[in-house]
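Since the structure comes first, as structure tokens, the remarks are kept for the end.
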Protein chains: 2
Amino acid sequence: MSTPGAVVIGQSGGPTAVINQTLIGVVKACLAKPEVFTKVLGAIHGIQGIMDGKFHDFGTETDANLELVAGTPSAALKSVRHKATPEDGKKIFARFKELGVRYFFYIGGNDTAETTNIINELAHAEGYDLTCFHCPKTIDNDLRVTDHCPGYGSAAKFVTQAFMGDNLDNRSLSGIKINIVMGRNAGWLTAASVLARQFPGDGPHLIYCPEADFSLEQFCADVEAVYRKLGRCVVAVSEGIHGPGGKEIISIGEVDSHGNKQLSGSGALGDALADTLKAHLAKAWPEKKHRVRADTFGYLQRCFPGVVSETDAAEARLAGTAAVAAAVAGVKSGSIAFKRVDGPTYQVETFVTPLPTVAKDTKPMPREMINAAGNDVVVEKLVPYLKPLVGTLPAIGQLKF
Amino acid sequence: MSTPGAVVIGQSGGPTAVINQTLIGVVKACLAKPEVFTKVLGAIHGIQGIMDGKFHDFGTETDANLELVAGTPSAALKSVRHKATPEDGKKIFARFKELGVRYFFYIGGNDTAETTNIINELAHAEGYDLTCFHCPKTIDNDLRVTDHCPGYGSAAKFVTQAFMGDNLDNRSLSGIKINIVMGRNAGWLTAASVLARQFPGDGPHLIYCPEADFSLEQFCADVEAVYRKLGRCVVAVSEGIHGPGGKEIISIGEVDSHGNKQLSGSGALGDALADTLKAHLAKAWPEKKHRVRADTFGYLQRCFPGVVSETDAAEARLAGTAAVAAAVAGVKSGSIAFKRVDGPTYQVETFVTPLPTVAKDTKPMPREMINAAGNDVVVEKLVPYLKPLVGTLPAIGQLKF
């Protein structure tokens with residue numbers, strides 16, 4: 001029998017296109033059980049809002065507005081990038097006691113799971129009855145245990161569509177095009193560009209993920225080879241690429257309180273790669289004028305309204321409702337994870353995994369999904385995993401010449 | 001009575017999301033009149049394909065594939081950025097005579113109209129019976145005479161949706177976000193970001209178009225003022241901004257054969273503006289850590305599959321069919337232009353304008369659509385013009401706190 005009490009829900013870390021599906025999943029499941037959840041509160045700006053006493057009472061919202069918010073990208077409760085210190089933990093905990101909070105749901109990535117775990121441990125230490133759940137979200141798809149993460153499918157859809165368009169653009173005007181894709185330590189989002197290949201010769205012709213060591217020399221040689229063969233080349237490059245031992249390709253950026261380096265919000269990596277290639281081609285192929293361009297997809301990838309995977313949206317909602325169902329069933333803490341159900345069509349089920357199995361560390365793409373040369377994905381291994389997550393893509397036609 | 005003969009269709013300049021609607025509009029209208037258009041040929045890579053003798057026979061295509069191509073972004077016949085020299089003109093003209101070409105349709109922007117005009121004048125000079133039409137396309141919306149240009153509505157829709165998502169992203173994590181938007185000399189595409197404002201306080205909070213002189217000092221002061229007031233700031237900046245007399249803000253890029261400078265395909269402008277702002281804030285507001293990010297939307301804006309204005313797609317098709325209808329009616333040359341029909345709902349009609357009225361020079365945004373300070377658009381003037389072109393936008397929700 002679950003203890004009646006107030007519930008606090010928060011969102012943390014980088015937003016996604018479907019993070020509000022999870023939020024509204026939690027909210028509606030809680031509102032449906034007033035005998036357990038005596039008050040349903042949103043913490044504005046995550047744990048910062050808890051410390052500052054800034055809450056939103058979801059009891060004041062209409063169902064129609066909750067559904068509109070569910071379909072809206074980015075964190076409706078606003079987000080925060082703040083790793084809870086032991087002192088923060090005490091403040092949060094004091095607020096929970098004051099408000100009679102017995103349930104805490106925190107939506108985010110591995111850093112968010114870590115904060116959830118810290119709060120959970122503090123409750124244990126004090127013998128306070130608190131149910132603590134982490135609901136997964138990350139466009140990076142790099143949480144441990146789960147098969148995949150809500151938020152990834154929609155970002156992957158954006159990246160795929162962007163490469164579809166860019167491949168057609170490059171096909172019409174030729175030259176070399178480099179696109180920098182988000183994903184700090186994991187190549188999943190960059191790898192999703194592979195779905196843009198619709199016709200023979202389509203790009204991306206080269207894909208560089210951070211799971212394989214990157215070398216500028218090899219990169220220049222790879223691009224030149226494709227470019228000499230096809231007269232053009234579209235390249236997908238993860239923002240997280242690095243040399244052996246994590247050596248930086250170029251030096252940029254700030255560092256946040258979780259120790260994460262700023263990679264996005266700057267065109268520096270793409271511009272450096274384009275400049276390196278221009279210099280290389282000026283020597284290797286001086287008789288031709290070379291058109292080399294770089295785009296950095298940046299923040300557009302994670303919050304683009306209207307480019308949402310229907311599978312991802314449904315699963316993000318499920319991540320929220322499953323957490324509440326587990327809490328109601330008396331499970332005291334954990335993170336919601338997904339596994340695929342064997343069968344002819346794609347199906348998933350959720351399960352609860354302990355918070356420490358998801359907190360802090362991340363999971364890279366398996367190396368066997370990347371080719372030996374480290375310049376492409378292994379299509380047979382990646383595409384069956386990826387395709388159902390991304391869902392329907394626009395139809396692309398080509399004239400028969 | 002129109003002379004029977006072969007028709008050549010080409011695409012030129014930067015591609016758009018709907019340029020193939022125009023292509024297929026011309027193709028299907030021609031295929032429907034075999035008594036006039038004895039053969040329907042596509043020139044691969046525009047006039048370069050004519051000179052090289054590279055053509056595609058549209059008679060070999062199925063209607064289903066033509067329709068699939070119509071819905072696909074970028075130039076299906078491939079494009080070219082090449083201004084016809086008098087020598088090129090002679091080669092093109094020789095090829096037309098050889099193939100019995102009596103009709104030429106060229107889809108593109110002002111440079112394309114100029115090439116069409118050169119070919120038309122050469123035919124006149126030689127007394128050769130050639131019908132020459134330019135069909136408008138440009139995401140820049142900067143062609144003269146016409147009310148607006150096919151391609152603009154879809155690119156504007158992309159920019160609007162990108163700013164909708166980015167405003168939500170910035171609202172959730174705060175800080176300063178600069179987005180660089182395409183549009184060499186015209187601010188139309190940057191100005192379209194205004195439609196992203198859905199709720200009070202929504203960004204973009206500042207909009208900089210090239211039609212108003214830009215000053216780095218004023219920019220820093222403007223951003224700081226918004227940022228101090230709202231705790232965040234989303235800024236739309238045209239890639240074409242410049243100081244008085246066209247003075248460059250930063251120096252970058254290559255120059256093409258039409259004398260156009262490379263502005264896209266590099267993050268340099270955005271990064272320079274972000275660095276300038278960081279330096280400014282470090283002095284003006286040293287007690288706070290400032291999060292300043294810049295994204296350059298780049299090529300994604302012009303060819304993104306799945307983000308298409310339904311109005312734009314229909315009008316792009318109409319630009320093609322109207323050109324063929326005019327040719328069949330005996331009009332010998334011109335460019336298709338749009339005008340709005342007075343009435344309670346948005347409606348357009350097409351008319352033919354002489355090639356020299358569209359060729360070469362472009363038309364900027366009217367200065368009265370930009371505010372006096374040069375840091376925003378005039379909503380009452382711009383939005384009624386813009387909204388019908390962009391069409392349906394995703395619904396955005398917000399929690400009531």
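Naming scheme: A, B, ... for chains in displayed order of the structure tokens; residues 1 onward per chain; ligands 1 onward as shown.
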
Apply DSSP to the backbone of this structure and, from segment 177-377 of chain A, keep only the residues in helix (DSSP H, G or I); write these as a count of residues only. 73

Up to 8 Å from chain A, what residues of chain B turn up? Count only C-alpha atoms and give them as a PyMOL selection string. chain B and resi 14-15+45+56+61+65-66+68-81+161-162+164-166+168-169+171-173+264-268+270-271+292-300+303-306+394-401

Limited to C-alpha atoms, could you put the picked residues into a file as an mmCIF file, in the first residue's frame?
```
data_model
loop_
_atom_site.group_PDB
_atom_site.id
_atom_site.type_symbol
_atom_site.label_atom_id
_atom_site.label_comp_id
_atom_site.auth_asym_id
_atom_site.auth_seq_id
_atom_site.Cartn_x
_atom_site.Cartn_y
_atom_site.Cartn_z
ATOM 1 C CA GLY B 14 20.443 27.538 -54.720
ATOM 2 C CA PRO B 15 17.745 24.901 -54.415
ATOM 3 C CA HIS B 45 22.921 21.132 -64.144
ATOM 4 C CA HIS B 56 16.820 13.953 -69.455
ATOM 5 C CA GLU B 61 8.897 9.160 -66.591
ATOM 6 C CA ASN B 65 7.385 9.311 -60.130
ATOM 7 C CA LEU B 66 6.932 12.880 -61.375
ATOM 8 C CA LEU B 68 7.092 11.960 -55.980
ATOM 9 C CA VAL B 69 9.831 14.206 -57.386
ATOM 10 C CA ALA B 70 7.546 17.257 -57.129
ATOM 11 C CA GLY B 71 7.307 16.675 -53.369
ATOM 12 C CA THR B 72 11.079 16.248 -52.973
ATOM 13 C CA PRO B 73 13.279 19.231 -52.028
ATOM 14 C CA SER B 74 16.265 20.494 -54.048
ATOM 15 C CA ALA B 75 16.792 20.608 -57.816
ATOM 16 C CA ALA B 76 15.934 17.170 -59.243
ATOM 17 C CA LEU B 77 17.677 18.118 -62.515
ATOM 18 C CA LYS B 78 20.670 19.302 -60.484
ATOM 19 C CA SER B 79 21.634 22.948 -60.430
ATOM 20 C CA VAL B 80 24.435 25.273 -61.469
ATOM 21 C CA ARG B 81 25.781 28.649 -60.426
ATOM 22 C CA GLN B 161 9.678 26.465 -36.435
ATOM 23 C CA ALA B 162 13.400 26.587 -35.637
ATOM 24 C CA MET B 164 9.776 28.307 -31.918
ATOM 25 C CA GLY B 165 11.869 25.374 -30.718
ATOM 26 C CA ASP B 166 14.867 27.502 -29.891
ATOM 27 C CA LEU B 168 11.431 27.078 -25.835
ATOM 28 C CA ASP B 169 14.954 25.697 -25.416
ATOM 29 C CA ARG B 171 13.280 29.569 -21.985
ATOM 30 C CA SER B 172 14.050 26.271 -20.263
ATOM 31 C CA LEU B 173 17.811 26.813 -19.794
ATOM 32 C CA SER B 264 26.625 30.316 -45.557
ATOM 33 C CA GLY B 265 28.458 27.092 -44.814
ATOM 34 C CA SER B 266 30.497 28.656 -42.029
ATOM 35 C CA GLY B 267 29.795 29.469 -38.396
ATOM 36 C CA ALA B 268 32.171 32.439 -38.454
ATOM 37 C CA GLY B 270 27.696 33.695 -35.315
ATOM 38 C CA ASP B 271 30.861 32.808 -33.427
ATOM 39 C CA VAL B 292 26.090 32.778 -24.832
ATOM 40 C CA ARG B 293 25.523 30.423 -27.760
ATOM 41 C CA ALA B 294 25.297 30.874 -31.524
ATOM 42 C CA ASP B 295 23.837 28.591 -34.182
ATOM 43 C CA THR B 296 24.069 29.161 -37.916
ATOM 44 C CA PHE B 297 21.041 27.552 -39.552
ATOM 45 C CA GLY B 298 22.946 27.090 -42.814
ATOM 46 C CA TYR B 299 21.741 24.933 -45.666
ATOM 47 C CA LEU B 300 19.055 23.205 -43.585
ATOM 48 C CA CYS B 303 15.879 22.009 -48.427
ATOM 49 C CA PHE B 304 14.395 20.411 -45.328
ATOM 50 C CA PRO B 305 12.072 17.556 -46.349
ATOM 51 C CA GLY B 306 8.816 17.489 -44.424
ATOM 52 C CA PRO B 394 2.721 23.429 -35.026
ATOM 53 C CA ALA B 395 0.597 24.200 -31.943
ATOM 54 C CA ILE B 396 2.652 25.331 -28.949
ATOM 55 C CA GLY B 397 1.417 24.955 -25.368
ATOM 56 C CA GLN B 398 2.581 26.537 -22.124
ATOM 57 C CA LEU B 399 1.840 25.731 -18.491
ATOM 58 C CA LYS B 400 -0.082 28.462 -16.705
ATOM 59 C CA PHE B 401 2.550 29.796 -14.296
#
```

So that I can check the surroundings of Ala192 of chain B, please list as a list of chain:residue names every protein, DNA and RNA residue that reaches within 10 Å of it, counting only C-alpha atoms and ignoring chain neighbours fewer than 4 positions away. B:Tyr152, B:Gly153, B:Ala155, B:Ala156, B:Lys157, B:Phe158, B:Val159, B:Thr160, B:Gln161, B:Phe163, B:Val181, B:Gly187, B:Trp188, B:Ala196, B:Ile207, B:Ala236, B:Val377, B:Leu382, B:Val383, B:Leu386, B:Lys387, B:Val390

Which residue, B:Ala359, B:Val7, B:Ala322, B:Leu277, has the smallest gap to Phe105 of chain B when you use only C-alpha atoms? B:Val7

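Nearest to Gly183 of chain B of all the residues B:Thr146, B:Gln198, B:Ser309, B:Thr362 is B:Thr362, counting only C-alpha atoms.
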
Which residue, B:Gly391, B:Asp361, B:Ala314, B:Leu216, has the smallest gap to Ala279 of chain B when you use only C-alpha atoms? B:Leu216

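Each of A:Ala94, A:Val194, A:Ala316, A:Val324 was checked against Val40 of chain A using only C-alpha atoms; the smallest atom-to-atom distance is that of A:Val324.
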
As a CSV table (one decimal) with C-alpha atoms, in the first residue's frame, please: the residues near segment 220-228 of chain A (cut-off 12 Å, only C-alpha atoms, same-chain neighbours under 2 positions excluded).
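Contents of result_6.csv, freshly written:
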```csv
chain,number,residue,atom,x,y,z
A,170,ASN,CA,24.8,18.7,-52.3
A,171,ARG,CA,23.7,16.5,-55.2
A,174,SER,CA,28.1,19.3,-55.7
A,175,GLY,CA,31.2,20.0,-53.6
A,176,ILE,CA,32.0,18.8,-50.1
A,177,LYS,CA,29.6,19.3,-47.1
A,178,ILE,CA,30.5,18.6,-43.5
A,201,GLY,CA,25.3,7.2,-54.2
A,202,ASP,CA,23.3,9.1,-51.6
A,203,GLY,CA,25.1,10.7,-48.6
A,204,PRO,CA,26.2,10.8,-45.9
A,205,HIS,CA,29.2,9.1,-47.6
A,206,LEU,CA,31.2,9.2,-44.4
A,207,ILE,CA,30.1,9.0,-40.8
A,208,TYR,CA,32.5,9.8,-37.9
A,214,PHE,CA,39.5,10.3,-35.2
A,215,SER,CA,42.5,11.5,-37.2
A,216,LEU,CA,42.6,14.6,-39.4
A,217,GLU,CA,44.9,12.9,-41.9
A,218,GLN,CA,42.6,9.9,-42.3
A,230,LEU,CA,31.5,10.9,-56.9
A,231,GLY,CA,32.4,14.6,-57.5
A,232,ARG,CA,30.8,15.3,-54.1
A,233,CYS,CA,30.9,14.2,-50.5
A,234,VAL,CA,28.5,14.7,-47.6
A,235,VAL,CA,30.1,13.9,-44.2
A,236,ALA,CA,28.4,13.4,-40.8
A,237,VAL,CA,30.7,14.3,-37.9
A,273,LEU,CA,37.5,20.7,-40.4
A,274,ALA,CA,36.4,22.7,-43.5
A,275,ASP,CA,39.6,24.8,-43.3
A,276,THR,CA,41.8,21.7,-42.9
A,277,LEU,CA,40.1,20.1,-45.9
A,278,LYS,CA,40.4,23.2,-48.1
A,279,ALA,CA,44.2,23.4,-47.2
A,280,HIS,CA,44.5,19.7,-48.0
A,281,LEU,CA,42.7,19.9,-51.3
A,282,ALA,CA,44.6,23.0,-52.4
A,283,LYS,CA,47.8,20.9,-52.2
A,284,ALA,CA,46.4,17.4,-53.3
A,285,TRP,CA,44.2,18.7,-56.2
A,288,LYS,CA,40.3,22.4,-59.4
A,290,HIS,CA,36.9,23.2,-54.3
A,291,ARG,CA,33.6,24.1,-52.7
A,292,VAL,CA,33.8,23.1,-49.0
A,373,ALA,CA,38.1,2.1,-40.6
A,374,GLY,CA,36.0,4.2,-38.2
A,375,ASN,CA,34.4,6.2,-41.1
A,376,ASP,CA,31.0,4.6,-41.4
```

Identify which of the residues A:Leu31, A:Ile50, A:Asp111, A:Val101 lies closest to His82 of chain A, counting only C-alpha atoms when measuring atom-to-atom distances.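 Among the listed residues, the smallest separation from His82 of chain A belongs to A:Asp111.
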